[in-house]
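First comes the structure, then the notes that go with it.
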There are 2 protein chains.
Amino acid sequence: MLKVLKSQFEIEELMAASFGIERESVRVNNQGNLAMTKHPEVFGDKMHNPYITTDFSESQVELITPNLRTVQETYDFLNTLYDITALHIGDEVLWPQSMPCDIPDDKDIPIAEYSDCEKCQEARQYREELFKKYGGKKQLISGIHYNFSFEEEFIEKLYRVTDSTLSYRHFKDEVYLKMVRNYLTHRWLLIYLLGAAPICHESFLTTCKKLMDKLDGESYTNEGAISYRNGECGYKNHTDLYPDYTNVQTYVDSLNRFVSEGSIQSYKELYSQIRPKAKDNTNLLSSLEEEGIRYIEVRSIDTNPFEKGGISITDLEFLHLFMLYLLIKEESTKRISNWQDEANNNQRHVAQKGLLDVWLSRDGQEIKKVDWALEILDEMHMMNEELQLGKSDVIETMVERVRRPECTYAYRISALCKKEGFINAHLNLAQAYKQDAYNHRYKFYGYEDMELSTQILMKEAIMRGIHLEVLDRADNFIALKQGEHIEYVKQATKTSKDSYMTMLIMENKTVTKKVLERNHIKVPAGIEVFKGQSLELAAKRYENQAIVVKPKSTNFGTGISIFPQGASKEDIIKALEIGFKHDDTVLIEEFAKGKEYRFLVIGDEVAGVLHRVPANVIGDGKKTIRELVEIKNQDSLRGKGYKTPLEKINLDASSELFLKQSGLTFESMPTEGEVVYLRENSNISTGGDSIDYTDEIPQRFKDIAVASAKAAGAKFCGVDMMLEDYTNAEGDYAIIEINFNPAIHIHSYPYKGTERRIAEKVLKVLGF
Amino acid sequence: MLKVLKSQFEIEELMAASFGIERESVRVNNQGNLAMTKHPEVFGDKMHNPYITTDFSESQVELITPNLRTVQETYDFLNTLYDITALHIGDEVLWPQSMPCDIPDDKDIPIAEYSDCEKCQEARQYREELFKKYGGKKQLISGIHYNFSFEEEFIEKLYRVTDSTLSYRHFKDEVYLKMVRNYLTHRWLLIYLLGAAPICHESFLTTCKKLMDKLDGESYTNEGAISYRNGECGYKNHTDLYPDYTNVQTYVDSLNRFVSEGSIQSYKELYSQIRPKAKDNTNLLSSLEEEGIRYIEVRSIDTNPFEKGGISITDLEFLHLFMLYLLIKEESTKRISNWQDEANNNQRHVAQKGLLDVWLSRDGQEIKKVDWALEILDEMHMMNEELQLGKSDVIETMVERVRRPECTYAYRISALCKKEGFINAHLNLAQAYKQDAYNHRYKFYGYEDMELSTQILMKEAIMRGIHLEVLDRADNFIALKQGEHIEYVKQATKTSKDSYMTMLIMENKTVTKKVLERNHIKVPAGIEVFKGQSLELAAKRYENQAIVVKPKSTNFGTGISIFPQGASKEDIIKALEIGFKHDDTVLIEEFAKGKEYRFLVIGDEVAGVLHRVPANVIGDGKKTIRELVEIKNQDSLRGKGYKTPLEKINLDASSELFLKQSGLTFESMPTEGEVVYLRENSNISTGGDSIDYTDEIPQRFKDIAVASAKAAGAKFCGVDMMLEDYTNAEGDYAIIEINFNPAIHIHSYPYKGTERRIAEKVLKVLGF
């Protein structure tokens with residue numbers, strides 16, 4: 001197999017696979033007790049949210065990534081799911097450990113609650129039966145499920161180049177079943193390398209307690225323990241059941257037999273360490289029989305307490321290599337008849353005492369854990385080299401864990417708990433992860449190349465269980481789907497809810513003004529000057545008046561000249577000529593006095609009002625400007641290159657020059673409360689501050705903003721309004737522009753003032 | 001006044017005015033008889049069409065331009081109204097003469113018919129009363145009404161610089177009333193210069209016949225006649241009524257007196273040669289009293305039979321100068337008390353015998369017509385010079401008409417009728433105008449800088465009486481309004497009926513394909529290649545396959561490479577690199593076999609299907625390629641620079657080279673029926689032919705086109721479909737593109753096949 005892969009496949013083809021992660025985690029309060037609160041409503045109906053739902057318990061969150069094409073994407077998506085969840089469970093945190101926190105007696109463990117639908121009631125009933133059979137506590141054990149499949153093209157090519165006598169469907173089944181069988185044999189290694197559940201809180205322990213030693217005042221362990229979850233005390237069937245993995249049919253038949261014999265009530269209850277999965281997993285067995293295996297689900301992985309998402313990128317990369325290894329590795333010809341029992345014993349043994357120098361059984365022969373582990377990793381090294389996968393670092397990390405047990409998660413978490421206590425140690429980790437989630441609350445990991453507004457909208461959709469598909473990343477083009485309802489969205493606010501004409505009206509300043517005037521909304525009076533017309537005459541008319549000269553259709557201020565004090569005829573002609581470089585029509589408008597406010601209209605309401613001020617610091621009488629800037633720049637909302645809602649203030653030549661005009665340098669020390677501006681312009685891109693005024697602005701101006709949007713027929717609209725004095729509800733105003741693709745991130749995460757839940761309103765207008 | 005204007009005003013300010021034309025014309029059949037058919041339904045409700053309606057008779061069309069800013073626009077708009085009307089009255093033509101055609105007896109003259117509304121019934125009743133009082137025949141006399149006003153800014157400035165003691169409102173009234181009084185005195189000159197109705201058909205004559213001589217077998221005239229319309233036999237009140245033009249109040253009072261005395265039933269019945277008009281002309285008198293004069297309406301002008309629109313551009317320019325002259329000319333201090341009677345007599349005299357060397361009366365003194373005329377024109381020459389208006393040519397043309405009566409329209413039409421007969425001469429002119437209208441059927445005069453698709457839509461809207469406003473010419477941005485219903489349209493097919501998202505989906509080829517595939521519509525299979533990805537791998541995958549390589553988002557074929565025979569890996573890489581110059585994503589797609597057809601989807605149906613073929617000629621065995629091209633280029637649909645639906649074939653170096661490959665030159669003589677192509681590409685811009693296939697294409701493909709549009713949510717959509725064999729309804733297809741701004745002109749005016757009424761369908765979808 002290795003030879004075939006080496007000779008026939010490019011590395012991109014070999015690595016083309018699909019990954020999905022499911023991570024369970026119980027919610028805990030700030031004392032480390034199991035949360036007794038409901039699964040938050042913001043996550044929607046738990047039966048229909050494909051990303052964030054509950055598992056067995058109402059307090060047990062399950063995060064589910066979609067199937068993704070790279071390890072990195074999978075890792076990023078999982079972390080984003082974590083952040084979304086962690087920031088919407090109030091004061092609670094997500095317990096970063098497979099073994100439960102401080103839990104109540106069985107009778108008080110809340111089973112997940114469902115609405116009235118038939119499927120919902122089935123889900124509830126299934127959980128109640130599990131509760132009766134296994135008790136509630138064991139159901140709270142959490143972990144990672146890892147879904148893997150090769151790209152179809154890969155298997156197709158493999159089929160072509162190996163001259164198999166099987167049909168394609170059976171060939172594919174055999175590919176996955178070989179991996180499954182190999183996995184069963186070698187799974188003990190994964191448990192050693194990734195296991196991270198060597199301790200149980202006393203509240204969890206019932207039967208197993210006697211086997212264990214007290215670690216601290218509240219938890220128990222035993223020497224060499226790696227993963228109680230995968231051990232005798234873990235989540236498993238009452239009797240060990242070994243399905244027949246010879247082919248799909250034997251597998252299905254054996255599962256049916258287990259059910260008919262009454263060992264389990266449904267195939268779902270078979271807690272195997274790996275499962276072949278089908279297209280339709282709600283009817284798994286028939287779907288397997290009809291269409292064969294789609295992917296495999298690895299279920300041995302513990303939550304890594306040292307990772308926010310519960311699994312590290314290195315471990316994910318290793319898992320991917322391990323999958324390839326399982327495909328390549330020839331199955332032993334010396335397999336003993338009860339090989340599944342042997343593999344099961346090896347698993348338990350490693351789980352319970354794996355940090356010690358234990359012996360395992362291979363094909364009926366004893367072998368040292370370390371020797372076998374290194375043999376496997378050696379073979380993986382060879383695979384890596386032969387196929388030029390370039391992942392020797394990853395394998396080497398695992399060799400290290402084998403050679404030095406103190407590098408394992410199990411060892412490290414035991415050490416930490418011994419020091420800080422089981423509950424405290426995990427609570428501290430969880431709090432740190434929650435803080436990290438808050439610091440990056442504007443961000444969708446793995447999609448940082450997309451616009452912030454789109455990332456924010458995507459997070460909001462995910463939270464509410466709206467199915468997300470990125471149609472075109474570079475264009476910020478996504479599809480949102482819930483049931484039969486599909487909406488396409490580009491750049492967060494370009495949607496089907498606005499008509500094409502709405503956008504065309506806003507795009508054209510001349511037409512915008514005509515439409516607003518027709519609707520009795522005040523815009524700066526002015527004229528259009530066309531290329532070829534007499535500039536002289538136009539300029540003469542506006543000589544010495546406060547005006548703005550701007551091209552008809554450019555944006556972002558290009559080609560605009562502003563004369564707040566009026567200008568000479570010659571200067572106006574010059575300004576017109578500048579404008580004509582951008583458009584054949586240039587507008588001369590009265591200069592609107594006051595400050596500019598951005599009103600974000602969504603649907604029928606103003607969702608946010610923002611005002612921008614130039615980069616500045618406020619003195620404390622002790623620190624220099626340079627020091628004050630440094631401190632201000634530490635805000636996690638500030639970054640570089642538009643990846644964050646605000647930009648870091650840059651102490652560049654231009655700000656140096658600006659300060660010089662007031663006789664200041666970077667080393668000057670402003671007095672307490674003194675505001676020092678660092679440049680003229682108020683752009684966010686040069687370190688400006690955005691300040692939310694939504695609650696301060698009188699309703700009248702909001703009504704005008706909404707009326708302006710409605711005049712153009714817009715559901716999503718950024719209205720730029722000049723106000724001489726925003727506190728005067730009867731005061732003067734002028735609409736200087738309405739914009740068809742308003743950013744939402746500036747309102748969602750302003751420098752000062754309330755963070756507005758804009759994305760939620762966007763989704764509402766979209767009908768979700 | 002002249003001094004003030006000279007010293008204080010720029011020429012642009014002086015010439016800033018507003019013009020409007022109303023032109024009446026009776027419809028006649030191809031024998032020259034008054035048409036007995038109904039006013040065509042396509043022009044909508046005659047009470048609500050502001051552009052095309054009827055006057056007194058059902059057979060008497062009235063064309064009304066909006067108020068326009070320049071003489072040229074006014075002229076162009078009038079000609080467009082003519083073309084629209086002439087092409088929608090079946091075999092009939094518009095009679096190009098103020099005096100009627102061959103008309104029936106009074107009892108058979110059809111009075112305009114109206115629907116049931118209250119105002120409609122009033123209109124009908126008013127006409128019936130006129131019929132009783134004046135008979136039907138006189139009501140068929142047609143002519144030109146000329147509406148004029150200065151720009152408000154002009155009058156405002158004039159008010160400022162003249163230190164008038166009047167209020168502004170009264171100053172403005174006085175400006176127009178001075179012009180009105182001056183007009184009355186000098187109107188005889190306009191009648192001389194523009195009069196064109198020196199002949200009456202025998203069917204018209206009742207009382208006047210005895211005064212006249214037979215011109216030909218069917219019509220009558222008398223020596224020196226210029227305008228029966230403005231003479232004793234013309235359209236006038238039974239007794240001459242002279243309103244008091246001292247000020248607006250005296251004017252209104254005198255009109256009210258005429259009505260109360262029973263001389264006329266309504267102010268509308270006062271057939272003066274000029275009328276002061278108000279803002280609300282349906283309540284003229286009260287509106288005049290309340291708000292003063294808005295504009296003036298000159299009513300002396302005959303239809304010019306030598307002009308399609310009924311008035312020449314030179315005459316319009318002269319009228320504009322004449323208006324300025326009326327403003328400037330100081331009123332005579334020697335005016336006699338019955339000056340209106342004197343002016344009236346001068347008018348009648350010139351109308352009836354003006355081509356002779358007649359004497360007129362000025363301030364009670366006799367003066368030769370020629371002397372007075374030249375005196376006026378001299379003063380106009382002076383005005384032109386002093387104000388640097390640059391219009392001496394126009395005035396000189398009129399001097400010529402004064403000096404040489406044979407240059408007058410009256411003389412020329414008499415001569416033509418003598419030669420061809422009254423009916424025939426006018427019918428021939430009308431037929432020629434109708435042919436001209438047909439030849440330019442795609443064109444909106446004066447808006448030739450706008451896209452053809454927009455011009456066509458604008459004409460259709462005008463025809464149906466939908467109010468048109470051009471919001472932004474350069475952007476082809478218009479507003480259409482009917483009652484309260486307003487629709488904005490850009491480039492003919494960008495409207496409020498499509499959502500913004502619809503356009504965004506179509507703009508992005510990747511997203512388009514995903515959306516079509518999701519809707520089970522066949523698109524060429526393919527992949528996306530992103531900048532930075534391995535081109536090698538992508539190229540290898542498509543080596544030697546028939547493919548198209550294209551950037552994700554460019555249009556018009558830029559950056560596209562087509563390999564119908566497949567390509568080497570190197571060539572594909574090159575093609576990808578070319579693509580990356582235009583977009584960061586490049587698509588590789590299977591090459592779709594067959595011919596390309598453009599399906600134009602409007603609403604729920606395919607409005608047209610078009611196929612394009614390269615520039616070509618068909619031999620006749622007698623003419624050279626050069627001669628055949630010359631003949632083909634004579635088609636009025638062919639022009640240069642995209643001003644016409646098709647482009648002229650250009651015998652350039654590239655077509656010479658192309659012919660050379662088949663051993664041909666421009667002088668080769670193809671055999672009869674032989675098709676010779678002149679270039680490879682089928683672009684219309686290089687002389688290609690557009691061929692309508694709407695009726696030939698099987699319904700299945702039309703359904704697919706509609707489904708494609710619906711997939712993107714589009715009401716207006718150009719679907720580009722590849723068909724291997726369009727006659728095979730079960731055959732293969734592939735959608736290669738859907739376009740959000742489909743041109744309509746190519747379907748409206750194809751080279752071959754039925755001209756499709758696309759604009760009508762567009763308006764229908766817009767809800768008109």
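To be explicit about the labels: the chains of the structure tokens are called A, B, and onward in the order shown, and within each one the residues are counted from 1, while ligands get numbers from 1 in the order they are shown.
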
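All C-alpha atoms of chain A, paired in order with those of chain B and fitted by least squares, deviate by an RMSD of 0.2 Å.
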
message: I'd like to know which residues of region 446-663 of chain A are helix (DSSP H, G or I) (by DSSP, run on the backbone); could you write them as JSON, numbers by chain?
response: {"A": [452, 453, 454, 455, 456, 457, 458, 459, 460, 461, 462, 463, 500, 501, 502, 503, 504, 505, 506, 507, 509, 510, 511, 512, 513, 514, 515, 516, 517, 518, 535, 536, 537, 538, 539, 540, 541, 542, 569, 570, 571, 572, 573, 574, 575, 576, 577, 578, 579, 580, 625, 626, 627, 628, 629, 630, 631, 632, 653, 654, 655, 656, 657, 658, 659, 660]}

task: Compare A:Phe19, A:Tyr500, A:Tyr733, A:Tyr749 by their minimum atom-to-atom distance to chain B, counting only C-alpha atoms, and give me the closest one.
output: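 Between A:Phe19, A:Tyr500, A:Tyr733, A:Tyr749, the residue approaching chain B most closely is A:Tyr500.
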
query: Counting only C-alpha atoms, what is within 9 Å of Phe591 (chain B), bar same-chain residues fewer than 5 positions away, as an MDAnalysis selection string?
result: chainID B and resid 524:525 545:548 562:564 566

Writing out the chosen residues with N, CA, C and O atoms as an mmCIF file, in the first residue's frame:
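Ended up saving to selection.cif:
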```
data_model
loop_
_atom_site.group_PDB
_atom_site.id
_atom_site.type_symbol
_atom_site.label_atom_id
_atom_site.label_comp_id
_atom_site.auth_asym_id
_atom_site.auth_seq_id
_atom_site.Cartn_x
_atom_site.Cartn_y
_atom_site.Cartn_z
ATOM 1 N N PRO B 524 -21.022 23.681 -16.692
ATOM 2 C CA PRO B 524 -19.806 22.908 -16.967
ATOM 3 C C PRO B 524 -19.110 22.560 -15.657
ATOM 4 O O PRO B 524 -18.910 23.431 -14.811
ATOM 5 N N ALA B 525 -18.770 21.266 -15.498
ATOM 6 C CA ALA B 525 -18.062 20.841 -14.291
ATOM 7 C C ALA B 525 -16.713 21.528 -14.264
ATOM 8 O O ALA B 525 -16.182 21.930 -15.302
ATOM 9 N N GLN B 545 -7.656 17.871 -21.899
ATOM 10 C CA GLN B 545 -9.122 17.844 -21.927
ATOM 11 C C GLN B 545 -9.627 19.177 -22.492
ATOM 12 O O GLN B 545 -8.975 20.199 -22.346
ATOM 13 N N ALA B 546 -10.776 19.122 -23.155
ATOM 14 C CA ALA B 546 -11.367 20.352 -23.701
ATOM 15 C C ALA B 546 -11.846 21.205 -22.543
ATOM 16 O O ALA B 546 -12.762 20.817 -21.816
ATOM 17 N N ILE B 547 -11.212 22.347 -22.342
ATOM 18 C CA ILE B 547 -11.536 23.170 -21.171
ATOM 19 C C ILE B 547 -11.579 24.666 -21.491
ATOM 20 O O ILE B 547 -11.127 25.107 -22.542
ATOM 21 N N VAL B 548 -12.150 25.393 -20.544
ATOM 22 C CA VAL B 548 -12.121 26.855 -20.551
ATOM 23 C C VAL B 548 -11.493 27.286 -19.233
ATOM 24 O O VAL B 548 -11.824 26.739 -18.188
ATOM 25 N N ILE B 562 -9.619 29.534 -24.034
ATOM 26 C CA ILE B 562 -10.480 28.416 -24.421
ATOM 27 C C ILE B 562 -9.648 27.380 -25.159
ATOM 28 O O ILE B 562 -8.908 27.712 -26.082
ATOM 29 N N PHE B 563 -9.748 26.127 -24.713
ATOM 30 C CA PHE B 563 -9.006 25.042 -25.356
ATOM 31 C C PHE B 563 -9.974 23.949 -25.796
ATOM 32 O O PHE B 563 -10.113 22.933 -25.105
ATOM 33 N N PRO B 564 -10.641 24.123 -26.933
ATOM 34 C CA PRO B 564 -11.629 23.129 -27.368
ATOM 35 C C PRO B 564 -10.954 21.795 -27.683
ATOM 36 O O PRO B 564 -11.585 20.742 -27.608
ATOM 37 N N GLY B 566 -8.228 20.715 -26.057
ATOM 38 C CA GLY B 566 -7.369 20.348 -24.938
ATOM 39 C C GLY B 566 -6.052 21.095 -25.024
ATOM 40 O O GLY B 566 -5.755 21.726 -26.044
#
```

Tell me, counting only C-alpha atoms, for each residue of chain B within 6 Å of chain A, which pair of atoms is nearest and how far apart they are in Å to one decimal, in rows ordered by chain and increasing number, as a Markdown table.
```
| residue | atom | partner | partner_atom | distance |
| --- | --- | --- | --- | --- |
| B:Thr495 | CA | A:Met501 | CA | 5.0 |
| B:Ser496 | CA | A:Met501 | CA | 4.6 |
| B:Asp498 | CA | A:Tyr500 | CA | 5.6 |
| B:Ser499 | CA | A:Ser499 | CA | 3.9 |
| B:Tyr500 | CA | A:Tyr500 | CA | 3.9 |
| B:Met501 | CA | A:Ser496 | CA | 4.6 |
```

Restricting the output to all heavy atoms, write the selected residues as a short mmCIF file (atom, residue, chain, number, x, y, z; two decimals), in the first residue's frame.
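Dumped everything to selection21.cif:
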```cif
data_model
loop_
_atom_site.label_atom_id
_atom_site.label_comp_id
_atom_site.auth_asym_id
_atom_site.auth_seq_id
_atom_site.Cartn_x
_atom_site.Cartn_y
_atom_site.Cartn_z
N THR B 495 -33.25 47.14 -11.85
CA THR B 495 -34.49 47.68 -11.30
C THR B 495 -34.69 47.26 -9.85
O THR B 495 -33.89 46.51 -9.30
CB THR B 495 -35.71 47.16 -12.10
OG1 THR B 495 -35.95 45.80 -11.71
CG2 THR B 495 -35.49 47.24 -13.59
N SER B 496 -35.77 47.73 -9.30
CA SER B 496 -36.11 47.34 -7.93
C SER B 496 -36.66 45.93 -7.86
O SER B 496 -36.87 45.40 -6.78
CB SER B 496 -37.15 48.31 -7.36
OG SER B 496 -38.38 48.10 -8.01
N ASP B 498 -35.29 43.20 -8.94
CA ASP B 498 -34.27 42.23 -8.57
C ASP B 498 -33.67 42.63 -7.24
O ASP B 498 -33.52 43.81 -6.95
CB ASP B 498 -33.19 42.16 -9.65
CG ASP B 498 -33.62 41.29 -10.81
OD1 ASP B 498 -34.26 40.26 -10.55
OD2 ASP B 498 -33.35 41.64 -11.96
N SER B 499 -33.32 41.62 -6.45
CA SER B 499 -32.70 41.95 -5.18
C SER B 499 -31.22 42.19 -5.42
O SER B 499 -30.64 41.78 -6.42
CB SER B 499 -32.91 40.84 -4.16
OG SER B 499 -31.88 39.89 -4.27
N TYR B 500 -30.64 42.90 -4.49
CA TYR B 500 -29.20 43.15 -4.54
C TYR B 500 -28.46 41.82 -4.59
O TYR B 500 -27.49 41.65 -5.35
CB TYR B 500 -28.83 43.96 -3.30
CG TYR B 500 -27.44 44.49 -3.26
CD1 TYR B 500 -26.64 44.54 -4.39
CD2 TYR B 500 -26.90 44.96 -2.06
CE1 TYR B 500 -25.36 45.04 -4.34
CE2 TYR B 500 -25.63 45.47 -2.00
CZ TYR B 500 -24.85 45.49 -3.13
OH TYR B 500 -23.58 45.98 -3.06
N MET B 501 -28.94 40.86 -3.82
CA MET B 501 -28.28 39.56 -3.77
C MET B 501 -28.28 38.87 -5.14
O MET B 501 -27.32 38.24 -5.54
CB MET B 501 -28.97 38.70 -2.71
CG MET B 501 -28.28 37.38 -2.41
SD MET B 501 -26.48 37.42 -2.39
CE MET B 501 -26.14 38.56 -1.07
#
```

- request: Might you pull out every residue within 9 Å of Ser654 (chain A), with only C-alpha atoms counted and same-chain residues fewer than 3 positions away left off, and present them as number ranges by chain?
  value: A: 651, 657-659, 678-679

May I have the residues from that selection written out with N, CA, C and O atoms, as a PDB file, in the first residue's frame?
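Contents of again-v7.pdb, freshly written:
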```pdb
ATOM      1  N   LEU A 651       3.045  55.642  16.324  1.00  0.00           N
ATOM      2  CA  LEU A 651       3.791  56.883  16.587  1.00  0.00           C
ATOM      3  C   LEU A 651       4.729  57.144  15.422  1.00  0.00           C
ATOM      4  O   LEU A 651       5.934  56.914  15.509  1.00  0.00           O
ATOM      5  N   LEU A 657       4.946  65.125  13.704  1.00  0.00           N
ATOM      6  CA  LEU A 657       4.785  66.441  13.104  1.00  0.00           C
ATOM      7  C   LEU A 657       3.558  67.139  13.685  1.00  0.00           C
ATOM      8  O   LEU A 657       3.568  68.332  13.992  1.00  0.00           O
ATOM      9  N   PHE A 658       2.496  66.345  13.844  1.00  0.00           N
ATOM     10  CA  PHE A 658       1.244  66.918  14.344  1.00  0.00           C
ATOM     11  C   PHE A 658       1.427  67.439  15.771  1.00  0.00           C
ATOM     12  O   PHE A 658       0.975  68.531  16.121  1.00  0.00           O
ATOM     13  N   LEU A 659       2.119  66.648  16.605  1.00  0.00           N
ATOM     14  CA  LEU A 659       2.371  67.050  17.990  1.00  0.00           C
ATOM     15  C   LEU A 659       3.241  68.306  18.036  1.00  0.00           C
ATOM     16  O   LEU A 659       3.037  69.204  18.856  1.00  0.00           O
ATOM     17  N   LEU A 678      -3.364  62.914  18.326  1.00  0.00           N
ATOM     18  CA  LEU A 678      -2.110  62.544  17.665  1.00  0.00           C
ATOM     19  C   LEU A 678      -2.147  62.748  16.158  1.00  0.00           C
ATOM     20  O   LEU A 678      -1.159  62.573  15.472  1.00  0.00           O
ATOM     21  N   ARG A 679      -3.329  63.014  15.644  1.00  0.00           N
ATOM     22  CA  ARG A 679      -3.417  63.415  14.239  1.00  0.00           C
ATOM     23  C   ARG A 679      -4.735  64.118  13.965  1.00  0.00           C
ATOM     24  O   ARG A 679      -5.611  64.207  14.833  1.00  0.00           O
TER      25      ARG A 679
END
```

- request: Fewer than 3 positions away in the same chain doesn't count, so skip those; otherwise give me all residues within 9 Å of Ala123 (chain A), counting only C-alpha atoms, as an NGL selection string.
  value: :A and (47 or 112 or 114 or 118-120 or 126-128)

How would the residues just chosen look if you wrote them out with all heavy atoms as a compact mmCIF listing (two decimals), in the first residue's frame?
```txt
# COMPACT_ATOMS: atom_id res chain seq x y z
N MET A 47 -32.34 20.66 19.17
CA MET A 47 -32.50 19.62 18.14
C MET A 47 -32.06 20.13 16.77
O MET A 47 -31.83 19.36 15.86
CB MET A 47 -33.97 19.19 18.03
CG MET A 47 -34.44 18.25 19.13
SD MET A 47 -33.49 16.70 19.23
CE MET A 47 -34.32 15.74 17.93
N ALA A 112 -31.08 16.36 29.57
CA ALA A 112 -31.37 17.39 28.57
C ALA A 112 -32.87 17.47 28.29
O ALA A 112 -33.54 16.45 28.15
CB ALA A 112 -30.62 17.10 27.27
N TYR A 114 -36.19 18.74 26.11
CA TYR A 114 -36.50 18.95 24.69
C TYR A 114 -37.91 19.49 24.53
O TYR A 114 -38.74 19.39 25.43
CB TYR A 114 -36.35 17.64 23.92
CG TYR A 114 -34.92 17.20 23.81
CD1 TYR A 114 -34.35 16.36 24.76
CD2 TYR A 114 -34.13 17.67 22.76
CE1 TYR A 114 -33.02 15.99 24.68
CE2 TYR A 114 -32.80 17.29 22.66
CZ TYR A 114 -32.24 16.46 23.61
OH TYR A 114 -30.93 16.10 23.52
N GLU A 118 -41.79 14.93 17.94
CA GLU A 118 -41.69 13.49 18.12
C GLU A 118 -40.24 13.06 18.34
O GLU A 118 -39.91 12.35 19.28
CB GLU A 118 -42.25 12.80 16.87
CG GLU A 118 -42.55 11.32 17.08
CD GLU A 118 -43.15 10.69 15.83
OE1 GLU A 118 -43.82 11.44 15.07
OE2 GLU A 118 -42.93 9.50 15.61
N LYS A 119 -39.35 13.59 17.46
CA LYS A 119 -37.94 13.25 17.58
C LYS A 119 -37.36 13.74 18.91
O LYS A 119 -36.50 13.10 19.50
CB LYS A 119 -37.15 13.86 16.42
CG LYS A 119 -37.15 12.98 15.16
CD LYS A 119 -36.52 13.70 13.98
CE LYS A 119 -35.01 13.53 13.96
NZ LYS A 119 -34.41 14.26 12.80
N CYS A 120 -37.83 14.92 19.32
CA CYS A 120 -37.36 15.48 20.58
C CYS A 120 -37.71 14.56 21.73
O CYS A 120 -36.90 14.28 22.62
CB CYS A 120 -37.97 16.85 20.81
SG CYS A 120 -37.91 17.95 19.40
N TYR A 126 -34.69 8.29 25.23
CA TYR A 126 -33.44 7.55 25.11
C TYR A 126 -32.52 7.88 26.30
O TYR A 126 -31.94 7.01 26.94
CB TYR A 126 -32.76 7.90 23.78
CG TYR A 126 -31.41 7.29 23.60
CD1 TYR A 126 -31.25 5.90 23.45
CD2 TYR A 126 -30.27 8.09 23.56
CE1 TYR A 126 -29.99 5.34 23.28
CE2 TYR A 126 -29.00 7.54 23.40
CZ TYR A 126 -28.87 6.16 23.25
OH TYR A 126 -27.63 5.60 23.09
N ARG A 127 -32.45 9.20 26.60
CA ARG A 127 -31.59 9.63 27.72
C ARG A 127 -32.10 9.08 29.06
O ARG A 127 -31.33 8.70 29.93
CB ARG A 127 -31.52 11.16 27.74
CG ARG A 127 -30.54 11.69 26.72
CD ARG A 127 -30.71 13.17 26.47
NE ARG A 127 -29.71 13.68 25.54
CZ ARG A 127 -29.67 13.41 24.24
NH1 ARG A 127 -30.59 12.60 23.70
NH2 ARG A 127 -28.73 13.91 23.48
N GLU A 128 -33.42 9.05 29.20
CA GLU A 128 -33.97 8.55 30.46
C GLU A 128 -33.66 7.07 30.66
O GLU A 128 -33.36 6.62 31.77
CB GLU A 128 -35.49 8.79 30.52
CG GLU A 128 -35.81 10.25 30.84
CD GLU A 128 -37.27 10.62 30.63
OE1 GLU A 128 -38.05 9.75 30.20
OE2 GLU A 128 -37.60 11.80 30.89
```

- prompt: Hey, what's within 8 Å of region 329-338 of chain B if we count only C-alpha atoms and toss same-chain stuff fewer than 4 positions away? As a VMD selection string, please?
  reply: chain B and resid 178 182 325 342 363 to 364

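Candidate residues B:Glu73, B:Glu156, B:Glu24, B:Glu113 were compared for distance to His39 (chain B), and the nearest is B:Glu113, using only C-alpha atoms.
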
- request: Determine which residues of region 245-411 of chain B receive a DSSP assignment of strand (DSSP E or B), computed from the backbone, and state them as a list of chain:residue names.
  value: B:Ile274, B:Arg275, B:Pro276, B:Lys277, B:Tyr295, B:Ile296, B:Glu297, B:Val298, B:Arg299, B:Ser300, B:Ile301, B:Trp359, B:Leu360, B:Ser361, B:Arg362, B:Gln365, B:Glu366, B:Ile367, B:Lys368
